[in-house]
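Student: My structure file model_16.cif, mmCIF, C-alpha atoms and all ligand atoms, is below:
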data_entry
loop_
_atom_site.label_atom_id
_atom_site.label_comp_id
_atom_site.auth_asym_id
_atom_site.auth_seq_id
_atom_site.Cartn_x
_atom_site.Cartn_y
_atom_site.Cartn_z
CA MET A 1 217.44 -27.17 -57.34
CA PHE A 2 217.34 -26.73 -61.11
CA PRO A 3 215.01 -23.86 -62.13
CA LYS A 4 211.51 -25.22 -62.59
CA LYS A 5 211.21 -24.00 -66.14
CA TYR A 6 214.14 -26.18 -67.16
CA MET A 7 213.06 -29.25 -65.26
CA THR A 8 213.07 -32.07 -67.79
CA LEU A 9 210.95 -35.17 -67.39
CA SER A 10 214.00 -37.41 -66.87
CA ARG A 11 215.42 -35.14 -64.23
CA HIS A 12 212.09 -34.87 -62.46
CA ILE A 13 211.63 -38.63 -62.27
CA ARG A 14 215.18 -39.11 -61.04
CA GLU A 15 214.76 -36.43 -58.37
CA GLU A 16 211.52 -38.07 -57.28
CA GLU A 17 213.21 -41.46 -57.13
CA ARG A 18 216.06 -40.11 -55.05
CA ARG A 19 213.56 -39.48 -52.26
CA TYR A 20 213.19 -43.25 -51.92
CA PRO A 21 216.46 -44.89 -50.93
CA SER A 22 215.19 -48.28 -52.10
CA ALA A 23 214.43 -47.03 -55.64
CA THR A 24 216.39 -48.85 -58.31
CA GLY A 25 216.05 -46.35 -61.14
CA VAL A 26 213.87 -48.79 -63.08
CA PHE A 27 210.99 -46.34 -63.18
CA SER A 28 213.06 -43.55 -64.60
CA ASN A 29 214.07 -45.82 -67.41
CA LEU A 30 210.54 -46.97 -68.05
CA LEU A 31 209.17 -43.42 -68.25
CA ASP A 32 212.09 -42.37 -70.46
CA HIS A 33 211.15 -45.14 -72.88
CA LEU A 34 207.49 -44.09 -72.81
CA ALA A 35 208.41 -40.46 -73.44
CA LEU A 36 210.51 -41.46 -76.42
CA ALA A 37 207.69 -43.58 -77.83
CA GLY A 38 205.42 -40.52 -77.39
CA LYS A 39 207.81 -38.29 -79.32
CA LEU A 40 207.98 -40.79 -82.18
CA ILE A 41 204.20 -41.16 -82.22
CA VAL A 42 203.59 -37.42 -82.29
CA ARG A 43 205.99 -37.08 -85.19
CA GLU A 44 203.68 -39.34 -87.22
CA VAL A 45 200.47 -37.84 -85.80
CA ASN A 46 201.62 -34.42 -86.96
CA LYS A 47 201.85 -35.71 -90.50
CA ALA A 48 198.23 -36.91 -90.47
CA GLY A 49 196.97 -33.90 -92.42
CA LEU A 50 199.47 -34.64 -95.16
CA VAL A 51 197.80 -37.91 -95.94
CA ASP A 52 196.87 -36.87 -99.48
CA ILE A 53 200.47 -36.03 -100.18
CA LEU A 54 202.13 -38.90 -98.38
CA GLY A 55 199.59 -41.58 -99.32
CA LEU A 56 196.47 -43.09 -97.79
CA THR A 57 196.72 -45.87 -95.27
CA GLY A 58 197.02 -49.22 -96.96
CA GLU A 59 198.73 -47.61 -99.98
CA MET A 60 202.44 -47.73 -100.80
CA ASN A 61 204.37 -44.58 -99.96
CA VAL A 62 207.25 -43.23 -102.02
CA GLN A 63 209.71 -45.51 -100.29
CA GLY A 64 207.59 -48.46 -101.37
CA GLU A 65 206.44 -49.09 -97.78
CA GLU A 66 202.81 -49.58 -96.95
CA VAL A 67 201.39 -46.51 -95.16
CA GLN A 68 200.22 -47.66 -91.76
CA LYS A 69 197.11 -46.67 -89.90
CA LEU A 70 198.20 -44.38 -87.11
CA ASP A 71 196.78 -46.53 -84.35
CA ASP A 72 198.69 -49.55 -85.66
CA PHE A 73 201.79 -47.43 -85.92
CA ALA A 74 201.38 -46.16 -82.35
CA HIS A 75 200.82 -49.69 -81.08
CA GLN A 76 203.92 -51.01 -82.79
CA MET A 77 205.99 -48.08 -81.66
CA MET A 78 205.04 -48.69 -78.03
CA VAL A 79 205.87 -52.39 -78.34
CA LYS A 80 209.17 -51.76 -80.11
CA MET A 81 210.27 -49.10 -77.64
CA LEU A 82 209.42 -51.14 -74.59
CA ASP A 83 209.97 -54.81 -75.38
CA HIS A 84 213.75 -54.55 -75.31
CA SER A 85 213.86 -52.20 -72.32
CA GLY A 86 214.65 -55.09 -69.96
CA LEU A 87 212.09 -53.62 -67.57
CA LEU A 88 208.93 -55.54 -68.46
CA SER A 89 207.73 -59.11 -68.19
CA SER A 90 204.73 -58.57 -70.48
CA MET A 91 202.50 -55.95 -72.05
CA ALA A 92 198.90 -55.64 -73.17
CA SER A 93 197.43 -53.17 -75.63
CA GLU A 94 193.92 -52.11 -76.53
CA GLU A 95 194.86 -52.91 -80.12
CA VAL A 96 195.54 -56.63 -79.69
CA GLU A 97 193.54 -59.44 -78.20
CA ASP A 98 196.09 -61.28 -76.06
CA ILE A 99 198.95 -60.30 -73.83
CA ILE A 100 202.15 -59.36 -75.61
CA PRO A 101 205.09 -61.49 -74.51
CA ILE A 102 208.64 -60.17 -74.37
CA PRO A 103 210.65 -61.72 -77.23
CA PRO A 104 212.66 -64.77 -76.10
CA ASP A 105 216.07 -63.17 -76.63
CA MET A 106 215.25 -60.05 -74.59
CA GLN A 107 215.84 -59.46 -70.92
CA ARG A 108 212.77 -59.55 -68.63
CA GLY A 109 211.96 -57.09 -65.84
CA PRO A 110 209.67 -56.73 -62.83
CA TYR A 111 206.90 -54.61 -64.41
CA VAL A 112 203.87 -55.01 -66.66
CA LEU A 113 202.71 -52.27 -69.06
CA LEU A 114 199.11 -51.87 -70.22
CA PHE A 115 198.34 -49.22 -72.81
CA ASP A 116 195.92 -47.68 -75.25
CA PRO A 117 198.32 -46.61 -77.99
CA LEU A 118 196.14 -43.98 -79.68
CA ASP A 119 192.90 -43.24 -77.94
CA GLY A 120 190.36 -41.21 -79.88
CA SER A 121 191.99 -42.15 -83.17
CA SER A 122 188.71 -41.75 -85.06
CA ASN A 123 189.25 -37.99 -84.55
CA ILE A 124 192.59 -37.82 -86.34
CA ASP A 125 191.22 -36.66 -89.66
CA ALA A 126 189.54 -33.68 -88.01
CA ASN A 127 192.76 -32.59 -86.29
CA VAL A 128 191.30 -33.20 -82.84
CA SER A 129 193.52 -34.00 -79.85
CA ILE A 130 194.19 -37.68 -79.22
CA GLY A 131 196.44 -39.50 -76.80
CA THR A 132 198.34 -42.51 -75.53
CA ILE A 133 197.32 -43.86 -72.10
CA PHE A 134 199.55 -46.09 -69.96
CA SER A 135 199.31 -48.12 -66.78
CA ILE A 136 202.21 -49.79 -64.97
CA LEU A 137 201.84 -52.70 -62.56
CA LYS A 138 204.29 -54.89 -60.70
CA LYS A 139 204.49 -58.47 -61.90
CA VAL A 140 202.87 -60.72 -59.30
CA SER A 141 203.11 -64.20 -60.78
CA ALA A 142 206.00 -66.54 -60.06
CA GLY A 143 208.41 -67.34 -62.86
CA GLU A 144 210.14 -65.12 -65.38
CA GLU A 145 207.43 -64.92 -68.00
CA GLY A 146 204.59 -62.45 -67.58
CA VAL A 147 201.15 -64.09 -67.61
CA LEU A 148 197.54 -62.94 -67.81
CA GLU A 149 197.28 -62.79 -64.01
CA ASP A 150 199.89 -60.00 -63.97
CA CYS A 151 197.71 -57.86 -66.22
CA LEU A 152 194.43 -58.61 -64.45
CA GLN A 153 195.17 -56.66 -61.28
CA PRO A 154 192.84 -54.05 -59.80
CA GLY A 155 193.71 -50.43 -60.57
CA CYS A 156 194.61 -49.71 -56.95
CA ARG A 157 197.72 -51.85 -57.50
CA GLN A 158 199.07 -49.60 -60.26
CA VAL A 159 202.49 -48.23 -59.43
CA ALA A 160 202.41 -45.54 -62.11
CA ALA A 161 200.02 -44.28 -64.75
CA GLY A 162 199.54 -41.41 -67.12
CA TYR A 163 198.98 -40.27 -70.65
CA ILE A 164 200.53 -38.35 -73.49
CA ILE A 165 198.16 -35.91 -75.19
CA TYR A 166 198.82 -34.85 -78.76
CA GLY A 167 197.07 -31.49 -78.86
CA SER A 168 197.98 -27.93 -79.71
CA SER A 169 201.09 -28.94 -77.83
CA THR A 170 202.17 -32.40 -76.73
CA MET A 171 202.00 -33.08 -73.02
CA LEU A 172 202.95 -36.01 -70.84
CA VAL A 173 201.07 -36.28 -67.55
CA TYR A 174 202.09 -38.93 -65.04
CA THR A 175 201.87 -40.08 -61.47
CA THR A 176 203.88 -42.57 -59.48
CA GLY A 177 201.62 -42.13 -56.46
CA ASN A 178 203.20 -38.88 -55.41
CA GLY A 179 201.01 -36.25 -57.07
CA VAL A 180 200.37 -35.61 -60.74
CA HIS A 181 202.86 -33.76 -62.89
CA GLY A 182 202.49 -32.45 -66.41
CA PHE A 183 205.29 -31.84 -68.92
CA THR A 184 205.02 -30.02 -72.22
CA LEU A 185 207.15 -31.09 -75.15
CA ASP A 186 209.44 -28.37 -76.39
CA PRO A 187 209.78 -29.50 -80.00
CA SER A 188 212.81 -27.31 -80.59
CA VAL A 189 214.92 -29.36 -78.17
CA GLY A 190 212.83 -32.52 -78.12
CA GLU A 191 212.45 -32.49 -74.33
CA PHE A 192 209.41 -32.70 -72.09
CA LEU A 193 209.69 -29.77 -69.65
CA LEU A 194 207.79 -29.48 -66.39
CA SER A 195 204.92 -27.07 -67.08
CA HIS A 196 202.20 -28.26 -64.66
CA PRO A 197 203.72 -29.35 -61.34
CA ASP A 198 201.45 -31.00 -58.80
CA ILE A 199 198.15 -30.76 -60.68
CA ARG A 200 195.07 -30.59 -58.42
CA ILE A 201 191.60 -31.01 -59.87
CA PRO A 202 189.03 -28.53 -58.47
CA LYS A 203 186.84 -30.19 -55.82
CA ARG A 204 183.79 -29.29 -57.89
CA GLY A 205 183.62 -28.22 -61.51
CA LYS A 206 181.20 -26.45 -63.83
CA ILE A 207 181.60 -28.79 -66.80
CA PHE A 208 179.99 -32.11 -67.68
CA SER A 209 181.13 -34.29 -70.54
CA VAL A 210 178.96 -37.07 -71.90
CA ASN A 211 177.66 -38.25 -75.27
CA LEU A 212 174.19 -36.74 -74.83
CA GLY A 213 173.07 -38.40 -78.04
CA ASN A 214 172.66 -41.56 -75.97
CA PHE A 215 170.38 -39.80 -73.43
CA ARG A 216 167.27 -41.87 -74.19
CA ARG A 217 169.22 -45.06 -73.62
CA TYR A 218 170.21 -44.05 -70.07
CA ASP A 219 168.21 -45.24 -67.12
CA GLU A 220 165.91 -42.83 -65.36
CA ARG A 221 168.23 -42.07 -62.45
CA LEU A 222 171.04 -41.07 -64.75
CA GLN A 223 168.67 -38.98 -66.84
CA ASN A 224 167.63 -37.23 -63.62
CA TYR A 225 171.25 -36.50 -62.78
CA ILE A 226 171.84 -34.98 -66.20
CA ARG A 227 168.66 -32.87 -65.92
CA TYR A 228 169.89 -31.74 -62.51
CA LEU A 229 173.22 -30.64 -63.99
CA MET A 230 171.41 -28.67 -66.69
CA GLY A 231 169.06 -26.93 -64.22
CA GLU A 232 169.40 -23.87 -62.02
CA GLU A 233 168.80 -25.75 -58.77
CA ASN A 234 172.03 -27.67 -58.72
CA ALA A 235 175.05 -27.27 -56.42
CA ILE A 236 176.52 -24.44 -58.50
CA GLY A 237 173.21 -22.61 -59.00
CA GLN A 238 173.49 -22.46 -62.78
CA PRO A 239 173.52 -24.96 -65.64
CA TYR A 240 176.78 -26.86 -66.05
CA SER A 241 178.50 -26.29 -69.38
CA LEU A 242 178.48 -29.28 -71.70
CA ARG A 243 181.90 -30.00 -73.22
CA TYR A 244 182.35 -33.21 -75.16
CA ILE A 245 185.14 -33.71 -77.65
CA GLY A 246 184.65 -37.45 -78.01
CA SER A 247 188.32 -38.04 -77.38
CA LEU A 248 188.76 -39.36 -73.86
CA VAL A 249 192.27 -38.08 -73.16
CA ALA A 250 191.34 -34.59 -74.35
CA ASP A 251 188.04 -34.51 -72.43
CA PHE A 252 189.73 -35.88 -69.32
CA HIS A 253 192.71 -33.53 -69.52
CA ARG A 254 190.50 -30.45 -69.81
CA ASN A 255 188.37 -31.53 -66.86
CA LEU A 256 191.48 -32.35 -64.81
CA LEU A 257 192.69 -28.78 -65.23
CA TYR A 258 189.34 -26.94 -65.07
CA GLY A 259 187.24 -29.31 -62.94
CA GLY A 260 184.13 -31.22 -63.98
CA ILE A 261 182.83 -34.70 -64.61
CA PHE A 262 183.35 -37.00 -67.59
CA MET A 263 180.86 -39.85 -68.01
CA TYR A 264 180.65 -42.83 -70.31
CA PRO A 265 177.79 -44.70 -68.64
CA GLY A 266 176.32 -48.05 -69.42
CA ASP A 267 173.03 -47.85 -71.30
CA SER A 268 170.18 -50.02 -72.59
CA LYS A 269 172.33 -51.15 -75.53
CA ASN A 270 175.77 -51.44 -73.93
CA LYS A 271 175.41 -52.28 -70.28
CA ASN A 272 179.06 -51.49 -69.48
CA GLY A 273 179.44 -48.52 -71.80
CA LYS A 274 182.34 -48.37 -74.21
CA LEU A 275 185.54 -47.63 -72.37
CA ARG A 276 188.03 -50.21 -71.18
CA LEU A 277 188.87 -50.92 -67.58
CA LEU A 278 192.56 -51.73 -68.01
CA TYR A 279 193.67 -49.34 -70.73
CA GLU A 280 191.51 -46.28 -70.08
CA ALA A 281 189.62 -46.21 -66.77
CA ASN A 282 192.30 -47.52 -64.39
CA PRO A 283 195.20 -45.33 -65.50
CA LEU A 284 193.06 -42.17 -65.64
CA GLY A 285 191.59 -43.23 -62.29
CA MET A 286 195.01 -43.30 -60.65
CA VAL A 287 195.77 -39.89 -62.13
CA VAL A 288 192.49 -38.35 -60.99
CA GLU A 289 192.75 -39.75 -57.45
CA GLN A 290 196.31 -38.49 -57.15
CA ALA A 291 195.05 -35.07 -58.23
CA GLY A 292 192.35 -35.12 -55.51
CA GLY A 293 189.47 -36.28 -57.74
CA LYS A 294 187.37 -39.41 -57.93
CA ILE A 295 186.53 -42.32 -60.23
CA SER A 296 183.47 -44.56 -60.03
CA ASN A 297 181.32 -46.96 -62.01
CA GLY A 298 178.34 -45.38 -60.26
CA TRP A 299 178.49 -47.78 -57.32
CA GLU A 300 182.08 -48.22 -56.27
CA SER A 301 185.57 -47.03 -57.05
CA ILE A 302 186.66 -48.53 -60.36
CA LEU A 303 190.16 -48.96 -58.93
CA GLU A 304 188.82 -51.70 -56.60
CA ILE A 305 187.36 -53.83 -59.40
CA GLN A 306 189.06 -57.19 -59.94
CA PRO A 307 189.39 -57.46 -63.73
CA ARG A 308 188.19 -60.70 -65.31
CA GLU A 309 189.41 -60.16 -68.85
CA LEU A 310 191.83 -57.94 -70.73
CA HIS A 311 189.31 -56.00 -72.77
CA GLN A 312 186.63 -55.63 -70.12
CA ARG A 313 184.50 -52.48 -70.39
CA VAL A 314 183.27 -50.43 -67.48
CA PRO A 315 180.75 -47.59 -66.97
CA LEU A 316 182.93 -44.58 -66.23
CA PHE A 317 182.32 -41.50 -64.06
CA ILE A 318 185.52 -39.55 -63.45
CA GLY A 319 186.54 -36.06 -62.43
CA SER A 320 186.03 -33.60 -59.59
CA HIS A 321 185.42 -35.30 -56.27
CA ASP A 322 182.09 -33.67 -55.39
CA ASP A 323 180.67 -34.10 -58.88
CA VAL A 324 181.45 -37.82 -59.05
CA MET A 325 180.07 -38.27 -55.54
CA GLU A 326 176.85 -36.55 -56.58
CA ALA A 327 176.59 -38.73 -59.70
CA GLU A 328 176.84 -41.80 -57.45
CA GLU A 329 174.07 -40.48 -55.21
CA PHE A 330 171.71 -40.10 -58.16
CA ILE A 331 172.65 -43.46 -59.70
CA GLN A 332 172.15 -45.21 -56.38
CA GLY A 333 168.72 -43.60 -55.94
CA LYS A 334 169.77 -41.63 -52.87
CA ARG A 335 168.56 -38.36 -54.43
P1 LIG B 401 188.46 -45.71 -79.47
O1 LIG B 401 189.17 -46.62 -78.50
O2 LIG B 401 187.82 -46.43 -80.62
O3 LIG B 401 189.32 -44.53 -79.87
O4 LIG B 401 187.20 -45.17 -78.67
C1 LIG B 401 187.40 -44.50 -77.50
C2 LIG B 401 186.85 -43.11 -77.64
C3 LIG B 401 187.18 -42.25 -76.47
O5 LIG B 401 188.32 -41.50 -76.74
C4 LIG B 401 185.97 -41.38 -76.32
O6 LIG B 401 185.77 -40.96 -75.00
C5 LIG B 401 184.85 -42.27 -76.78
O7 LIG B 401 185.43 -43.19 -77.67
C6 LIG B 401 183.77 -41.53 -77.49
O8 LIG B 401 182.78 -42.41 -77.86
P2 LIG B 401 181.39 -41.92 -78.50
O9 LIG B 401 181.70 -41.51 -79.88
O10 LIG B 401 180.51 -43.13 -78.41
O11 LIG B 401 180.89 -40.79 -77.64
MG MG B 402 190.67 -46.08 -76.55
#
Before anything else, please render the file you have as structure tokens.

Tutor:
Amino acid sequence: MFPKKYMTLSRHIREEERRYPSATGVFSNLLDHLALAGKLIVREVNKAGLVDILGLTGEMNVQGEEVQKLDDFAHQMMVKMLDHSGLLSSMASEEVEDIIPIPPDMQRGPYVLLFDPLDGSSNIDANVSIGTIFSILKKVSAGEEGVLEDCLQPGCRQVAAGYIIYGSSTMLVYTTGNGVHGFTLDPSVGEFLLSHPDIRIPKRGKIFSVNLGNFRRYDERLQNYIRYLMGEENAIGQPYSLRYIGSLVADFHRNLLYGGIFMYPGDSKNKNGKLRLLYEANPLGMVVEQAGGKISNGWESILEIQPRELHQRVPLFIGSHDDVMEAEEFIQGKR
């Protein structure tokens, strides 16, 4: 086998696919396209600090083109990279209201792609890590054209999911249901190289991540859980560390590697919290489960929820298995 340190993303996917005689190679192509979109997005993201030099969004740049907002740019880049891949029957993005059809003159394929093109984009100006999240489903409707029904499938039907994090380095983390693998972009050669094979999230962590500013809006059971985490009498015998970046991919990625729980609960103002079922919770849920962790809305696995609409929000508890289980026990009044 090729030495691990030189294992590129493409090669890894192809080697994985070779283990399944029925595999058609479609996945490899799809992930290649996503990786390329990620590289083009990070190229723009890295210029974000140069905004005063290159022009503010909405202004004309030196080439006489309007400078785009980065989340619009990321959205369009994903669409452009994927709509002519021949692999998809439709797409949906957090940035647009309706499903995105494949242009009439393009070939259609058996998959559906749901994505959040640039999650955490409000952090760009502060140079904080942000990311692109993706979820891949099989088309289930009859006919060539992808329809809403194809997008509104429960997360447990995802065939692949992952994210690209634009941080101190750029990483692509993905699963096709056979473990979770992380690749770091080597900018000098423009390749994602396997850096984190078979990621496993610790069974229990020492970190909790939540917007504590909303504490008074949480119901009593959730407040009790948070007090429990901050006390000495909890399962780890010391207060959990609070780590909250406010950028989901970055908060999730850290907790995936170090262990811990990320929460975006519902509260008295927003009953279902803020985060989206299809573009954020489901794909990260597949990743966390494949890494040995857990995802919940407090009552059940989010991956079992039948979505009703594209932009549905869901209370999110995700991370180390024992931590998410404990959160459920508090929320359900069992403790
Ligand atoms: P966005 O889709 O507008 O970028 O919002 C999503 C982000 C997540 O990355 C993050 O977890 C959350 O919003 C933070 O929200 P808050 O500032 O309410 O804590
Ligand atoms: Mg988002």

Student: Taking all atoms listed in the file into account, which residues are within 7 Å of ligand LIG 401 (chain B), as a list in words?

Tutor: Leu118, Asp119, Gly120, Ser121, Ser122, Asn211, Gly246, Ser247, Leu248, Val249, Lys274 and Leu275 of chain A

Student: CA of Gln158 in chain A to CA of Met171 in chain A: how many Å, to one decimal?

Tutor: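 These atoms are spaced 21.1 Å apart.
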
Student: Taking the point (181.9, -34.8, -74.6) as given in the file, collect each protein or nucleic acid residue that comes within 9 Å of it, counting all atoms listed in the file, and present the set as a PyMOL selection string.

Tutor: chain A and resi 208-212+242-248+251+262-263

Student: What is the CA of Ile164 in chain A to CA of Ala126 in chain A distance in Å?

Tutor: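 About the pair CA of Ile164 in chain A and CA of Ala126 in chain A: they are 18.8 Å apart.
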
Student: Please, which residues in chain A fall within 12 Å of ligand MG 402 (chain B) when counting all atoms listed in the file, and what is the closest atom pair and distance in Å to one decimal for each, ordered by chain then residue number, as a Markdown table?

Tutor:
| residue | atom | partner | partner_atom | distance |
| --- | --- | --- | --- | --- |
| A:Asp71 | CA | B:MG402 | MG | 9.9 |
| A:His75 | CA | B:MG402 | MG | 11.7 |
| A:Ser93 | CA | B:MG402 | MG | 9.8 |
| A:Glu94 | CA | B:MG402 | MG | 6.9 |
| A:Glu95 | CA | B:MG402 | MG | 8.8 |
| A:Phe115 | CA | B:MG402 | MG | 9.1 |
| A:Asp116 | CA | B:MG402 | MG | 5.6 |
| A:Pro117 | CA | B:MG402 | MG | 7.8 |
| A:Leu118 | CA | B:MG402 | MG | 6.6 |
| A:Asp119 | CA | B:MG402 | MG | 3.9 |
| A:Gly120 | CA | B:MG402 | MG | 5.9 |
| A:Ser121 | CA | B:MG402 | MG | 7.8 |
| A:Ser122 | CA | B:MG402 | MG | 9.7 |
| A:Asn123 | CA | B:MG402 | MG | 11.5 |
| A:Ile130 | CA | B:MG402 | MG | 9.5 |
| A:Gly131 | CA | B:MG402 | MG | 8.8 |
| A:Thr132 | CA | B:MG402 | MG | 8.5 |
| A:Ile133 | CA | B:MG402 | MG | 8.3 |
| A:Phe134 | CA | B:MG402 | MG | 11.1 |
| A:Tyr163 | CA | B:MG402 | MG | 11.7 |
| A:Gly246 | CA | B:MG402 | MG | 10.6 |
| A:Ser247 | CA | B:MG402 | MG | 8.4 |
| A:Leu248 | CA | B:MG402 | MG | 7.5 |
| A:Val249 | CA | B:MG402 | MG | 8.8 |
| A:Ala250 | CA | B:MG402 | MG | 11.7 |
| A:Lys274 | CA | B:MG402 | MG | 9.0 |
| A:Leu275 | CA | B:MG402 | MG | 6.8 |
| A:Arg276 | CA | B:MG402 | MG | 7.3 |
| A:Leu277 | CA | B:MG402 | MG | 10.4 |
| A:Leu278 | CA | B:MG402 | MG | 10.4 |
| A:Tyr279 | CA | B:MG402 | MG | 7.3 |
| A:Glu280 | CA | B:MG402 | MG | 6.5 |
| A:Ala281 | CA | B:MG402 | MG | 9.8 |
| A:Pro283 | CA | B:MG402 | MG | 12.0 |
| A:Leu284 | CA | B:MG402 | MG | 11.8 |
| A:His311 | CA | B:MG402 | MG | 10.7 |
| A:Arg313 | CA | B:MG402 | MG | 10.8 |

Student: Please determine, counting all atoms listed in the file, which residue among A:Ala48, A:Val287, A:Ile99, A:Leu172 has the shortest atom-to-atom distance to Leu36 in chain A.

Tutor: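 Closest candidate: A:Leu172.
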
Student: Out of A:His321, A:Arg157, A:His12, A:Arg335, which residue has the shortest atom-to-atom distance to Lys203 in chain A when counting all atoms listed in the file?

Tutor: A:His321

Student: Taking all atoms listed in the file into account, name the residue in A:Tyr174, A:Phe183, A:Tyr20, A:Phe27 that is nearest to Val112 in chain A.

Tutor: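 Smallest separation from Val112 in chain A among the options: A:Phe27.
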
Student: For a test of reading the model, state the distance in Å between CA of Ser320 in chain A and CA of Glu16 in chain A, rounded to one decimal.

Tutor: 26.0 Å

Student: Measuring between all atoms listed in the file, which one of A:Tyr111, A:Gly205, A:Pro265, A:Val173 shows the shortest distance to Leu193 in chain A?

Tutor: A:Val173

Student: I'd like the neighbourhood of Gly146 in chain A as a PyMOL selection string, where a residue qualifies if any of its atoms comes within 10 Å (using all atoms listed in the file), though same-chain residues fewer than 4 positions away should be ignored.

Tutor: chain A and resi 88-91+99-102+108-112+139-142+150-151

Student: For range 184-187 of chain A, list every protein, DNA or RNA residue within 10 Å, evaluated using all atoms listed in the file, and leave out those in the same chain fewer than 6 positions away; present the list as a PyMOL selection string.

Tutor: chain A and resi 8-9+35+38-39+43+164-166+169-173+193-196

Student: Pick the closest to Leu137 in chain A from A:Asn255, A:Thr176, A:Thr24, A:Ser168: which is it, counting all atoms listed in the file?

Tutor: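 When distances to Leu137 in chain A are compared using all atoms listed in the file, the smallest one comes from A:Thr176.
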
Student: Would you kindly return, as number ranges by chain, each protein, DNA or RNA residue with an atom no farther than 12 Å from any atom of Glu329 in chain A, considering only C-alpha atoms and excluding same-chain residues fewer than 3 positions away?

Tutor: A: 221-222, 224-225, 296-300, 322-326, 332-335

Student: Of the candidates A:Asp72, A:Ala160, A:Ala235, A:Gly182, which one gets nearest to Met286 in chain A if we count only C-alpha atoms?

Tutor: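 Smallest distance to Met286 in chain A is found for A:Ala160.
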
Student: Any idea what's packed within 12 Å of Asp267 in chain A, counting all atoms listed in the file, ignoring anything in its chain fewer than 2 positions away? Could you give it as a ChimeraX atom specification?

Tutor: /A:211-223,263-265,269-274,314-316
